[in-house]
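**Q** Sending over input_39.txt (compact mmCIF, C-alpha atoms).
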# COMPACT_ATOMS: atom_id res chain seq x y z
CA MET A 1 12.92 -37.76 -16.01
CA ARG A 2 11.19 -35.57 -13.48
CA VAL A 3 13.21 -32.49 -12.54
CA THR A 4 13.39 -32.23 -8.79
CA GLN A 5 14.52 -28.72 -8.02
CA GLY A 6 13.26 -26.69 -5.10
CA THR A 7 10.89 -27.55 -2.30
CA PHE A 8 8.05 -30.11 -2.66
CA SER A 9 9.51 -31.48 -5.90
CA PHE A 10 9.18 -35.11 -4.80
CA LEU A 11 5.48 -34.62 -4.10
CA PRO A 12 2.81 -34.87 -6.76
CA ASP A 13 2.22 -31.59 -8.58
CA PHE A 14 0.19 -29.08 -6.57
CA THR A 15 -3.29 -28.04 -7.48
CA ASP A 16 -4.04 -24.33 -7.70
CA GLN A 17 -5.71 -24.54 -4.30
CA GLN A 18 -2.57 -26.03 -2.77
CA ILE A 19 -0.40 -23.41 -4.47
CA HIS A 20 -2.74 -20.75 -3.10
CA GLU A 21 -2.28 -22.04 0.42
CA GLN A 22 1.51 -22.25 0.18
CA VAL A 23 1.66 -18.73 -1.23
CA GLN A 24 -0.65 -17.44 1.48
CA TYR A 25 1.73 -18.90 4.04
CA CYS A 26 4.57 -16.92 2.44
CA ILE A 27 2.54 -13.71 2.36
CA ASP A 28 1.52 -14.12 5.98
CA ASN A 29 5.23 -14.34 6.82
CA GLY A 30 5.81 -11.05 5.06
CA TRP A 31 7.74 -12.51 2.14
CA ALA A 32 7.65 -11.09 -1.39
CA LEU A 33 6.61 -13.47 -4.15
CA SER A 34 8.05 -13.75 -7.61
CA ILE A 35 7.13 -15.90 -10.57
CA GLU A 36 9.97 -17.14 -12.78
CA HIS A 37 10.07 -19.37 -15.82
CA THR A 38 12.65 -21.10 -17.99
CA ASP A 39 13.03 -23.79 -20.62
CA ASP A 40 16.53 -24.72 -19.52
CA PRO A 41 16.26 -27.21 -16.66
CA HIS A 42 20.00 -27.47 -16.01
CA PRO A 43 20.49 -27.49 -12.21
CA ARG A 44 23.11 -24.75 -12.46
CA ASN A 45 20.70 -22.49 -14.29
CA THR A 46 19.98 -20.34 -11.25
CA TYR A 47 18.62 -17.20 -12.83
CA TRP A 48 15.32 -17.86 -14.53
CA GLU A 49 13.35 -15.32 -16.52
CA MET A 50 11.11 -13.14 -14.37
CA TRP A 51 7.41 -12.93 -15.04
CA GLY A 52 6.68 -9.31 -14.19
CA HIS A 53 7.96 -7.73 -11.04
CA PRO A 54 8.16 -9.49 -7.69
CA MET A 55 4.93 -8.89 -5.75
CA PHE A 56 5.52 -7.08 -2.48
CA ASP A 57 2.20 -5.70 -1.37
CA ASN A 58 -0.59 -8.12 -2.22
CA PRO A 59 -2.29 -9.29 0.96
CA ASP A 60 -4.02 -12.22 -0.71
CA ALA A 61 -2.56 -15.19 -2.59
CA ALA A 62 -5.20 -14.94 -5.30
CA ALA A 63 -3.06 -12.23 -6.92
CA VAL A 64 -0.11 -14.61 -7.29
CA VAL A 65 -2.26 -17.46 -8.59
CA TYR A 66 -3.80 -15.01 -11.04
CA GLU A 67 -0.36 -14.01 -12.34
CA LEU A 68 0.70 -17.66 -12.45
CA ASN A 69 -2.24 -18.46 -14.70
CA GLU A 70 -1.35 -15.49 -16.90
CA CYS A 71 2.18 -16.86 -17.14
CA ARG A 72 0.87 -20.33 -17.95
CA LYS A 73 -1.05 -18.91 -20.88
CA VAL A 74 2.21 -17.77 -22.44
CA TYR A 75 4.75 -20.28 -21.10
CA GLY A 76 2.50 -23.23 -20.32
CA SER A 77 5.05 -25.70 -21.70
CA HIS A 78 7.98 -24.32 -19.68
CA TYR A 79 9.11 -24.73 -16.11
CA ILE A 80 7.55 -22.12 -13.84
CA LYS A 81 8.50 -21.65 -10.23
CA ILE A 82 7.31 -19.49 -7.40
CA VAL A 83 10.02 -17.89 -5.30
CA ALA A 84 9.51 -16.29 -1.89
CA PHE A 85 11.96 -13.63 -0.72
CA ASP A 86 12.51 -12.64 2.89
CA SER A 87 13.88 -9.15 3.42
CA SER A 88 14.12 -9.28 7.21
CA PRO A 89 17.94 -9.83 7.28
CA GLY A 90 18.35 -6.54 5.42
CA TRP A 91 18.63 -8.08 1.98
CA GLU A 92 16.30 -10.21 -0.08
CA SER A 93 17.04 -13.86 0.51
CA ILE A 94 15.15 -16.84 -0.83
CA ARG A 95 13.08 -18.63 1.79
CA LEU A 96 11.06 -20.92 -0.39
CA SER A 97 11.09 -21.88 -4.03
CA PHE A 98 8.97 -24.49 -5.71
CA ILE A 99 8.09 -25.54 -9.23
CA VAL A 100 4.46 -25.06 -10.10
CA ASN A 101 4.46 -25.86 -13.79
CA ARG A 102 6.52 -28.27 -15.88
CA PRO A 103 6.54 -29.56 -19.46
CA THR A 104 4.43 -32.66 -20.11
CA GLU A 105 7.50 -34.50 -21.28
CA GLU A 106 10.83 -34.11 -19.57
CA PRO A 107 13.49 -35.90 -21.59
CA GLY A 108 16.10 -35.78 -18.84
CA PHE A 109 19.84 -35.23 -18.88
CA LYS A 110 22.73 -36.54 -20.87
CA LEU A 111 25.92 -37.50 -19.08
CA ASN A 112 29.01 -36.23 -20.89
CA ARG A 113 32.42 -37.81 -20.25
CA THR A 114 35.39 -35.79 -21.33
CA GLU A 115 38.79 -37.41 -21.24
CA ILE A 116 41.32 -34.96 -19.92
CA LYS A 117 45.03 -35.08 -19.16
CA GLY A 118 46.26 -38.37 -17.74
CA ARG A 119 43.22 -40.34 -18.93
CA ASN A 120 41.22 -38.69 -16.17
CA ILE A 121 37.56 -38.26 -16.85
CA GLN A 122 35.60 -35.09 -16.33
CA TYR A 123 31.84 -35.45 -16.04
CA SER A 124 29.15 -32.96 -16.95
CA ILE A 125 25.46 -33.15 -17.64
CA SER A 126 23.35 -31.37 -20.20
CA PRO A 127 19.61 -31.52 -20.69
CA TYR A 128 18.59 -33.26 -23.91
CA SER A 129 16.09 -30.52 -24.46
CA SER A 130 18.73 -27.81 -24.61
CA ASP A 131 20.01 -29.10 -27.94
CA LYS A 132 17.31 -27.04 -29.52
CA PRO A 133 17.44 -23.25 -29.39
CA GLN A 134 15.76 -21.40 -26.58
CA GLY A 135 12.02 -21.04 -27.04
CA SER A 136 11.58 -24.20 -29.12
CA ARG A 137 12.60 -26.80 -26.57
CA TYR A 138 9.22 -27.91 -25.29
CA LYS A 139 5.89 -28.04 -26.99
CA MET B 1 -11.11 -43.20 7.10
CA GLU B 2 -11.15 -39.97 9.01
CA ASN B 3 -12.00 -38.10 5.87
CA GLU B 4 -14.98 -40.30 5.25
CA ASP B 5 -16.19 -39.67 8.75
CA ASP B 6 -15.91 -35.98 8.13
CA LYS B 7 -17.93 -36.27 4.99
CA LYS B 8 -20.63 -38.21 6.75
CA GLU B 9 -20.81 -35.59 9.41
CA LEU B 10 -21.15 -32.86 6.83
CA LYS B 11 -24.05 -34.63 5.22
CA THR B 12 -25.84 -35.25 8.48
CA VAL B 13 -26.09 -31.52 9.16
CA SER B 14 -29.79 -31.14 8.60
CA LYS B 15 -30.57 -28.06 10.60
CA VAL B 16 -28.95 -24.68 10.91
CA ASN B 17 -29.58 -21.99 13.43
CA LEU B 18 -29.64 -18.68 11.60
CA LYS B 19 -29.85 -16.58 14.74
CA GLU B 20 -26.81 -18.31 16.13
CA ASP B 21 -24.91 -17.84 12.86
CA PHE B 22 -25.89 -14.20 12.87
CA GLN B 23 -24.37 -13.66 16.30
CA SER B 24 -21.33 -15.90 15.99
CA SER B 25 -20.21 -14.63 12.57
CA GLY B 26 -19.92 -11.10 13.97
CA VAL B 27 -22.37 -9.80 11.38
CA ALA B 28 -24.63 -8.60 14.15
CA ASP B 29 -21.84 -6.43 15.53
CA ILE B 30 -21.15 -4.83 12.18
CA LEU B 31 -24.80 -4.09 11.51
CA LEU B 32 -25.17 -2.63 14.98
CA GLU B 33 -22.08 -0.53 14.45
CA LEU B 34 -23.52 0.61 11.12
CA ASP B 35 -26.73 1.64 12.87
CA ASN B 36 -24.97 3.48 15.65
CA SER B 37 -22.13 5.15 13.80
CA LEU B 38 -24.06 6.31 10.76
CA ILE B 39 -26.81 8.85 11.13
CA GLY B 40 -29.72 8.71 8.70
CA LEU B 41 -29.15 6.72 5.48
CA GLU B 42 -32.15 4.49 6.20
CA PRO B 43 -32.53 3.10 2.65
CA VAL B 44 -28.82 2.22 2.60
CA LYS B 45 -29.00 0.45 5.93
CA THR B 46 -32.05 -1.51 4.80
CA ARG B 47 -30.34 -2.63 1.61
CA ILE B 48 -27.23 -3.70 3.49
CA ARG B 49 -29.29 -5.61 6.02
CA GLU B 50 -31.12 -7.37 3.18
CA THR B 51 -27.87 -8.24 1.48
CA ALA B 52 -26.40 -9.51 4.72
CA SER B 53 -29.36 -11.79 5.37
CA LEU B 54 -29.23 -13.12 1.82
CA LEU B 55 -25.55 -13.94 2.20
CA LEU B 56 -26.12 -15.52 5.59
CA VAL B 57 -28.94 -17.67 4.22
CA ASP B 58 -26.78 -18.59 1.22
CA LYS B 59 -24.03 -19.83 3.53
CA ALA B 60 -26.56 -21.85 5.53
CA ARG B 61 -27.99 -23.38 2.35
CA GLU B 62 -24.51 -24.34 1.29
CA ARG B 63 -23.99 -26.19 4.55
CA LEU B 64 -27.22 -28.10 4.02
CA GLY B 65 -26.01 -29.14 0.61
CA LEU B 66 -28.43 -26.97 -1.33
CA VAL B 67 -26.08 -25.97 -4.10
CA ASN B 68 -26.18 -22.45 -5.31
CA GLU B 69 -23.79 -20.43 -7.38
CA SER B 70 -21.58 -17.98 -5.58
CA PRO B 71 -23.50 -14.72 -5.72
CA THR B 72 -22.35 -11.63 -7.56
CA LEU B 73 -21.44 -9.10 -4.94
CA HIS B 74 -20.22 -6.19 -7.01
CA MET B 75 -22.01 -3.02 -6.00
CA SER B 76 -22.56 0.50 -7.12
CA PHE B 77 -23.08 3.37 -4.71
CA SER B 78 -24.57 6.51 -6.15
CA GLY B 79 -25.21 9.69 -4.27
CA ASN B 80 -24.09 13.25 -3.80
CA PRO B 81 -20.70 14.07 -2.31
CA GLY B 82 -20.35 13.64 1.43
CA THR B 83 -23.19 11.16 1.82
CA GLY B 84 -21.01 8.46 3.36
CA LYS B 85 -20.23 6.23 0.38
CA THR B 86 -16.63 5.52 1.37
CA THR B 87 -17.55 4.99 5.01
CA VAL B 88 -20.20 2.46 4.04
CA ALA B 89 -17.79 0.72 1.63
CA LEU B 90 -15.40 0.21 4.52
CA LYS B 91 -18.19 -1.34 6.57
CA ILE B 92 -19.19 -3.55 3.63
CA ALA B 93 -15.65 -4.87 3.43
CA GLY B 94 -15.82 -5.82 7.10
CA LEU B 95 -19.25 -7.36 6.62
CA LEU B 96 -18.24 -9.52 3.67
CA TYR B 97 -15.17 -10.63 5.58
CA ARG B 98 -17.22 -11.74 8.58
CA LEU B 99 -19.61 -13.57 6.28
CA GLY B 100 -16.69 -15.32 4.62
CA TYR B 101 -17.21 -13.92 1.13
CA VAL B 102 -13.84 -12.21 0.98
CA ARG B 103 -10.74 -13.69 2.54
CA LYS B 104 -8.96 -10.62 3.92
CA GLY B 105 -11.55 -7.86 4.15
CA HIS B 106 -9.30 -4.93 3.34
CA LEU B 107 -10.49 -1.97 1.30
CA VAL B 108 -8.43 -0.60 -1.58
CA SER B 109 -9.74 2.81 -2.53
CA VAL B 110 -8.78 4.12 -5.98
CA THR B 111 -9.77 6.72 -8.53
CA ARG B 112 -9.22 6.99 -12.27
CA ASP B 113 -5.60 8.05 -11.82
CA ASP B 114 -4.71 4.78 -10.13
CA LEU B 115 -6.16 2.66 -12.92
CA VAL B 116 -5.57 4.49 -16.17
CA GLY B 117 -2.09 4.94 -17.57
CA GLN B 118 -0.57 7.86 -19.41
CA TYR B 119 0.69 6.18 -22.55
CA ILE B 120 0.03 3.13 -24.66
CA GLY B 121 0.74 -0.06 -22.77
CA HIS B 122 0.75 1.63 -19.39
CA THR B 123 -2.87 1.03 -18.47
CA ALA B 124 -3.07 -2.76 -18.39
CA PRO B 125 -0.23 -3.34 -15.90
CA LYS B 126 -1.41 -0.44 -13.77
CA THR B 127 -4.97 -1.71 -13.59
CA LYS B 128 -3.83 -5.27 -12.93
CA GLU B 129 -1.53 -4.09 -10.16
CA VAL B 130 -4.43 -2.42 -8.41
CA LEU B 131 -6.71 -5.42 -8.94
CA LYS B 132 -4.07 -7.73 -7.49
CA LYS B 133 -3.69 -5.53 -4.47
CA ALA B 134 -7.44 -5.64 -3.92
CA MET B 135 -7.77 -9.41 -4.25
CA GLY B 136 -9.11 -10.98 -1.09
CA GLY B 137 -10.82 -7.70 -0.27
CA VAL B 138 -12.90 -4.91 -1.70
CA LEU B 139 -11.89 -2.57 -4.52
CA PHE B 140 -13.58 0.80 -4.14
CA ILE B 141 -13.51 2.94 -7.27
CA ASP B 142 -14.48 6.48 -6.39
CA GLU B 143 -15.99 8.65 -9.11
CA ALA B 144 -16.00 5.66 -11.41
CA TYR B 145 -17.70 7.50 -14.26
CA TYR B 146 -14.42 9.29 -14.96
CA LEU B 147 -13.13 5.97 -16.32
CA TYR B 148 -15.22 6.44 -19.41
CA ARG B 149 -14.59 9.56 -21.45
CA PRO B 150 -16.69 9.46 -24.59
CA GLU B 151 -15.33 12.78 -25.86
CA ASN B 152 -11.92 11.23 -26.43
CA GLU B 153 -12.08 7.99 -28.38
CA ARG B 154 -8.42 7.26 -27.78
CA ASP B 155 -8.80 7.56 -24.03
CA TYR B 156 -7.14 4.71 -22.15
CA GLY B 157 -10.03 4.48 -19.71
CA GLN B 158 -11.78 2.02 -21.99
CA GLU B 159 -8.86 -0.38 -21.63
CA ALA B 160 -9.08 -0.20 -17.86
CA ILE B 161 -12.82 -0.88 -18.06
CA GLU B 162 -12.24 -3.98 -20.18
CA ILE B 163 -9.71 -5.45 -17.76
CA LEU B 164 -11.92 -4.58 -14.85
CA LEU B 165 -14.91 -6.33 -16.41
CA GLN B 166 -12.85 -9.39 -17.20
CA VAL B 167 -11.52 -9.74 -13.66
CA MET B 168 -14.90 -8.94 -12.14
CA GLU B 169 -16.32 -11.87 -14.08
CA ASN B 170 -13.50 -14.42 -13.86
CA ASN B 171 -12.24 -13.73 -10.34
CA ARG B 172 -15.62 -13.28 -8.71
CA ASP B 173 -14.52 -15.24 -5.67
CA ASP B 174 -11.37 -13.19 -5.22
CA LEU B 175 -12.57 -9.65 -5.04
CA VAL B 176 -15.62 -7.45 -4.79
CA VAL B 177 -15.72 -4.24 -6.78
CA VAL B 178 -17.67 -1.25 -5.50
CA LEU B 179 -18.21 1.65 -7.90
CA ALA B 180 -19.18 5.01 -6.50
CA GLY B 181 -20.13 8.36 -7.90
CA TYR B 182 -22.80 10.99 -8.38
CA LYS B 183 -26.16 9.61 -9.37
CA ASP B 184 -26.68 11.28 -12.74
CA LYS B 185 -23.13 10.71 -13.94
CA MET B 186 -23.17 7.07 -12.83
CA ASP B 187 -26.42 6.51 -14.71
CA LYS B 188 -24.83 7.88 -17.84
CA PHE B 189 -21.75 5.72 -17.23
CA PHE B 190 -23.84 2.56 -16.96
CA GLU B 191 -25.81 3.50 -20.04
CA SER B 192 -22.68 3.63 -22.13
CA ASN B 193 -21.18 0.53 -20.51
CA PRO B 194 -24.00 -2.02 -20.38
CA GLY B 195 -21.48 -4.71 -19.43
CA PHE B 196 -21.00 -2.99 -16.12
CA ARG B 197 -24.67 -2.67 -15.27
CA SER B 198 -25.33 -6.36 -15.75
CA ARG B 199 -22.31 -7.41 -13.73
CA ILE B 200 -23.31 -5.36 -10.74
CA ALA B 201 -25.98 -6.92 -8.61
CA HIS B 202 -26.55 -4.24 -6.05
CA HIS B 203 -27.26 -0.64 -6.93
CA ILE B 204 -27.59 1.42 -3.78
CA ASP B 205 -28.66 5.06 -3.71
CA PHE B 206 -27.39 7.35 -1.00
CA PRO B 207 -29.92 10.09 -0.19
CA ASP B 208 -28.91 13.58 0.90
CA TYR B 209 -28.98 14.22 4.62
CA SER B 210 -31.75 16.34 6.09
CA ASN B 211 -30.82 19.44 8.08
CA ASP B 212 -31.58 17.71 11.36
CA GLU B 213 -29.40 14.78 10.44
CA LEU B 214 -26.56 17.10 9.52
CA LEU B 215 -26.85 18.84 12.86
CA GLU B 216 -26.71 15.48 14.58
CA ILE B 217 -23.63 14.61 12.51
CA ALA B 218 -22.06 17.94 13.46
CA GLU B 219 -22.55 17.12 17.12
CA VAL B 220 -21.03 13.68 16.74
CA MET B 221 -18.03 15.15 14.91
CA VAL B 222 -17.55 17.88 17.50
CA SER B 223 -17.67 15.50 20.43
CA GLY B 224 -15.36 13.16 18.55
CA MET B 225 -12.78 15.95 18.55
CA ASN B 226 -13.41 16.62 22.26
CA TYR B 227 -15.15 19.93 21.71
CA LYS B 228 -18.59 21.02 22.87
CA PHE B 229 -21.47 23.06 21.47
CA ASN B 230 -23.60 25.10 23.81
CA LYS B 231 -27.23 25.92 23.13
CA LYS B 232 -26.43 29.10 21.26
CA SER B 233 -23.70 27.65 19.08
CA LYS B 234 -25.91 24.69 18.26
CA GLU B 235 -28.55 27.08 17.01
CA ALA B 236 -25.90 28.89 15.00
CA MET B 237 -24.83 25.59 13.50
CA ALA B 238 -28.41 24.76 12.52
CA GLU B 239 -28.69 28.12 10.85
CA TYR B 240 -25.35 27.59 9.15
CA ILE B 241 -26.47 24.26 7.72
CA GLU B 242 -29.64 25.76 6.36
CA MET B 243 -27.79 28.57 4.62
CA ARG B 244 -24.89 26.45 3.44
CA ARG B 245 -27.22 24.02 1.72
CA LYS B 246 -28.48 26.76 -0.59
CA GLN B 247 -24.99 27.70 -1.71
CA PRO B 248 -23.02 25.96 -4.45
CA HIS B 249 -20.58 23.09 -3.81
CA PHE B 250 -22.58 21.80 -0.89
CA ALA B 251 -21.11 18.42 0.06
CA ASN B 252 -23.33 17.18 2.91
CA ALA B 253 -21.31 15.81 5.81
CA ARG B 254 -18.03 16.90 4.25
CA SER B 255 -19.13 20.54 4.25
CA ILE B 256 -20.02 20.16 7.89
CA ARG B 257 -16.63 18.75 8.72
CA ASN B 258 -14.93 21.65 6.95
CA ALA B 259 -17.15 24.13 8.76
CA ILE B 260 -16.24 22.60 12.09
CA ASP B 261 -12.56 22.67 11.24
CA ARG B 262 -12.79 26.37 10.50
CA ALA B 263 -14.84 27.01 13.62
CA ARG B 264 -12.06 25.36 15.62
CA LEU B 265 -9.61 27.71 13.98
CA ARG B 266 -11.65 30.75 14.97
CA GLN B 267 -12.19 29.34 18.43
CA ALA B 268 -8.46 28.89 18.90
CA ASN B 269 -7.88 32.44 17.78
CA ARG B 270 -10.57 33.79 20.11
CA VAL B 271 -9.28 31.80 23.05
CA PHE B 272 -5.75 32.97 22.40
CA ASN B 273 -6.67 36.64 22.11
CA ASN B 274 -9.01 36.75 25.08
CA SER B 275 -7.15 34.61 27.55
CA GLU B 276 -5.36 36.19 30.43
CA GLY B 277 -4.05 33.92 33.10
CA PRO B 278 -4.78 30.21 33.46
CA ILE B 279 -7.75 28.66 31.63
CA GLY B 280 -9.44 25.29 32.06
CA ALA B 281 -10.39 22.44 29.74
CA THR B 282 -14.02 23.56 29.50
CA PHE B 283 -12.99 26.90 28.13
CA LEU B 284 -10.64 25.29 25.62
CA SER B 285 -13.24 22.89 24.33
CA GLN B 286 -16.20 25.24 24.13
CA ILE B 287 -17.29 26.34 20.68
CA GLU B 288 -19.27 29.59 20.95
CA ASP B 289 -21.80 30.84 18.45
CA VAL B 290 -19.44 33.63 17.37
CA ASP B 291 -17.01 31.00 16.12
CA ILE B 292 -19.63 29.82 13.69
CA MET B 293 -21.34 33.12 12.97
CA GLN B 294 -18.12 34.60 11.62
CA SER B 295 -18.31 32.23 8.65
CA ARG B 296 -18.57 33.79 5.22
CA VAL B 297 -21.72 31.77 4.64
CA PHE B 298 -23.60 34.24 6.80
CA SER B 299 -22.41 37.19 4.76
CA GLY B 300 -23.56 35.58 1.54
CA GLY B 301 -20.16 34.41 0.35
CA ILE B 302 -19.18 30.89 -0.60
CA ASP B 303 -17.62 28.85 2.09
CA LYS B 304 -15.46 26.46 0.19
Would you write the structure of this file as structure tokens?
**A**
Amino acid sequence: MRVTQGTFSFLPDFTDQQIHEQVQYCIDNGWALSIEHTDDPHPRNTYWEMWGHPMFDNPDAAAVVYELNECRKVYGSHYIKIVAFDSSPGWESIRLSFIVNRPTEEPGFKLNRTEIKGRNIQYSISPYSSDKPQGSRYK
Amino acid sequence: MENEDDKKELKTVSKVNLKEDFQSSGVADILLELDNSLIGLEPVKTRIRETASLLLVDKARERLGLVNESPTLHMSFSGNPGTGKTTVALKIAGLLYRLGYVRKGHLVSVTRDDLVGQYIGHTAPKTKEVLKKAMGGVLFIDEAYYLYRPENERDYGQEAIEILLQVMENNRDDLVVVLAGYKDKMDKFFESNPGFRSRIAHHIDFPDYSNDELLEIAEVMVSGMNYKFNKKSKEAMAEYIEMRRKQPHFANARSIRNAIDRARLRQANRVFNNSEGPIGATFLSQIEDVDIMQSRVFSGGIDK
């Protein structure tokens, strides 16, 4: 099941050229770019691991694509997203975030029903992949 | 359908007008500016003009469908201090931008300190940070031979060189690297790093300026600061240049700039001490021969 988090996630995966152009748009707006990765696709997993520092002062998108490819070399089987931060309000706020790398197989989510007091049912989801320990979830 | 039309149109381009390209790309302006703003440096200007025409022709060939590989644009500038290497690098960045070989056309100027770290594991991120900043533009490494220090085998410079070479090769479309330094030291640097020599397509030598050229430069600098020479002070300047050249640490145009800065200092002092009552702009902007003659160069000392 395809994970659809962030912008553009219902579109086919971007090529590097398309990523380059999106990133250039962010840079031209004065936003800082960060690359983040995770192997836990739970929608409430907001804080992904950072790949290096956010990039504040690169005028060209090639730098971000370069770092993305470095990240792919290490975490090629994980989810990787590019996040753009806008500091114009006085704090860093996310303007754009999109997934640029995903595992070849995405097993999807399991629906858990927990019976609670009064035969009420509480629902939760958990990714099938997170049964395994972190780092060995995708190959 | 529209796309197909576009493709057809692309293929039907069978003629290009190089003269028109030359004007419309803005390359003509840059070359003209290069001619006008830089005095002397004829061999450098010729090489840059050659390179520019090659790149222009390459772009035209590409449009006609004659496939060629993207050219290696990394350069090495060698010459004595103050011969205009940085100034030319800045112009090159503008030139490559107009020709469409770099996307942004900015110049990132660094030295060894910006690339090489101080402890293990510090160099790679530092070098990569600089390279990333330079992507889309030109990376200018001044005094590049300092990167390689053969006397210390544990020097981190080697690590920076390796990363540099790798990015120069793999990200050829993203950035252009310009190495600069003194001729003899650069030659030695290339000898011990053959990988560098082969990855750099253009080796450009910057000759020393002649005395006349330096005098011309002095005049341009002075008028740029809204000062004036008179006949006598111009003669004094010519004499200064001749004497300064024979003394150690002579740095071509940079020495001239320093000399002018000090002459301004003396001029200000003279004007202040001699002025009584109101004075005009001509008086304030006139550099007299005494302002130059007071220099230590004339008494045999080193003018740093």
**Q** Excluding Arg113 (chain A) and its own-chain neighbours fewer than 3 positions away, which residues fall within 7 Å of it when counting all atoms listed in the file? Please give them as a count of residues only.
**A** 4
**Q** For Asp184 (chain B), list every protein, DNA or RNA residue within 12 Å, evaluated using all atoms listed in the file, and leave out those in the same chain fewer than 6 positions away; present the list as a VMD selection string.
**A** chain B and resid 77 to 80 143 145 190 to 191 205
**Q** Need the shell around region 1-15 of chain A: protein/DNA/RNA residues with any atom at most 7 Å away, counting only C-alpha atoms. Skip same-chain ones fewer than 6 positions apart. Format as a PDB file with C-alpha atoms, in the coordinates of the input?
**A**
ATOM      1  CA  LEU A  96      11.060 -20.920  -0.390  1.00  0.00           C
ATOM      2  CA  SER A  97      11.090 -21.880  -4.030  1.00  0.00           C
ATOM      3  CA  PHE A  98       8.970 -24.490  -5.710  1.00  0.00           C
ATOM      4  CA  ILE A  99       8.090 -25.540  -9.230  1.00  0.00           C
ATOM      5  CA  VAL A 100       4.460 -25.060 -10.100  1.00  0.00           C
ATOM      6  CA  GLU A 106      10.830 -34.110 -19.570  1.00  0.00           C
ATOM      7  CA  PRO A 107      13.490 -35.900 -21.590  1.00  0.00           C
ATOM      8  CA  GLY A 108      16.100 -35.780 -18.840  1.00  0.00           C
TER       9      GLY A 108
END
**Q** Within 10 Å of Thr72 (chain B), counting only C-alpha atoms, which residues qualify if same-chain residues fewer than 4 places away don't, as a PDB file with C-alpha atoms, keeping the file's coordinate frame?
**A**
ATOM      1  CA  MET B 168     -14.900  -8.940 -12.140  1.00  0.00           C
ATOM      2  CA  GLU B 169     -16.320 -11.870 -14.080  1.00  0.00           C
ATOM      3  CA  ARG B 172     -15.620 -13.280  -8.710  1.00  0.00           C
ATOM      4  CA  ASP B 173     -14.520 -15.240  -5.670  1.00  0.00           C
ATOM      5  CA  VAL B 176     -15.620  -7.450  -4.790  1.00  0.00           C
ATOM      6  CA  VAL B 177     -15.720  -4.240  -6.780  1.00  0.00           C
ATOM      7  CA  ARG B 199     -22.310  -7.410 -13.730  1.00  0.00           C
ATOM      8  CA  ILE B 200     -23.310  -5.360 -10.740  1.00  0.00           C
ATOM      9  CA  ALA B 201     -25.980  -6.920  -8.610  1.00  0.00           C
ATOM     10  CA  HIS B 202     -26.550  -4.240  -6.050  1.00  0.00           C
TER      11      HIS B 202
END
**Q** What is the distance, in Å and to one decimal place, between CA of Asp291 (chain B) and CA of Lys246 (chain B)?
**A** 20.7 Å
**Q** For a test of reading the model, state the distance in Å between CA of Leu164 (chain B) and CA of Leu54 (chain B), rounded to one decimal.
**A**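 Interatomic distance, CA of Leu164 (chain B) to CA of Leu54 (chain B): 25.5 Å.
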**Q** Quick one, how far is CA of Ala84 (chain A) from CA of Glu67 (chain A)?
**A** 14.6 Å
**Q** Find the residues of chain B in contact range of chain A, meaning any atom within 6 Å when counting only C-alpha atoms, and list them as a list in words.
**A**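 That gives the following set of residues: Lys132, Lys133, Met135 and Gly136 of chain B.
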**Q** Compile the contact shell of Pro54 (chain A) as a PDB file with C-alpha atoms, in the coordinates of the input: residues with an atom at most 10 Å away, counting only C-alpha atoms, same-chain residues fewer than 6 positions apart removed.
**A**
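Saved the output as around_33.pdb:
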ATOM      1  CA  ALA A  32       7.650 -11.090  -1.390  1.00  0.00           C
ATOM      2  CA  LEU A  33       6.610 -13.470  -4.150  1.00  0.00           C
ATOM      3  CA  SER A  34       8.050 -13.750  -7.610  1.00  0.00           C
ATOM      4  CA  ILE A  35       7.130 -15.900 -10.570  1.00  0.00           C
ATOM      5  CA  GLU A  36       9.970 -17.140 -12.780  1.00  0.00           C
ATOM      6  CA  VAL A  64      -0.110 -14.610  -7.290  1.00  0.00           C
ATOM      7  CA  VAL A  83      10.020 -17.890  -5.300  1.00  0.00           C
ATOM      8  CA  ALA A  84       9.510 -16.290  -1.890  1.00  0.00           C
ATOM      9  CA  PHE A  85      11.960 -13.630  -0.720  1.00  0.00           C
TER      10      PHE A  85
END
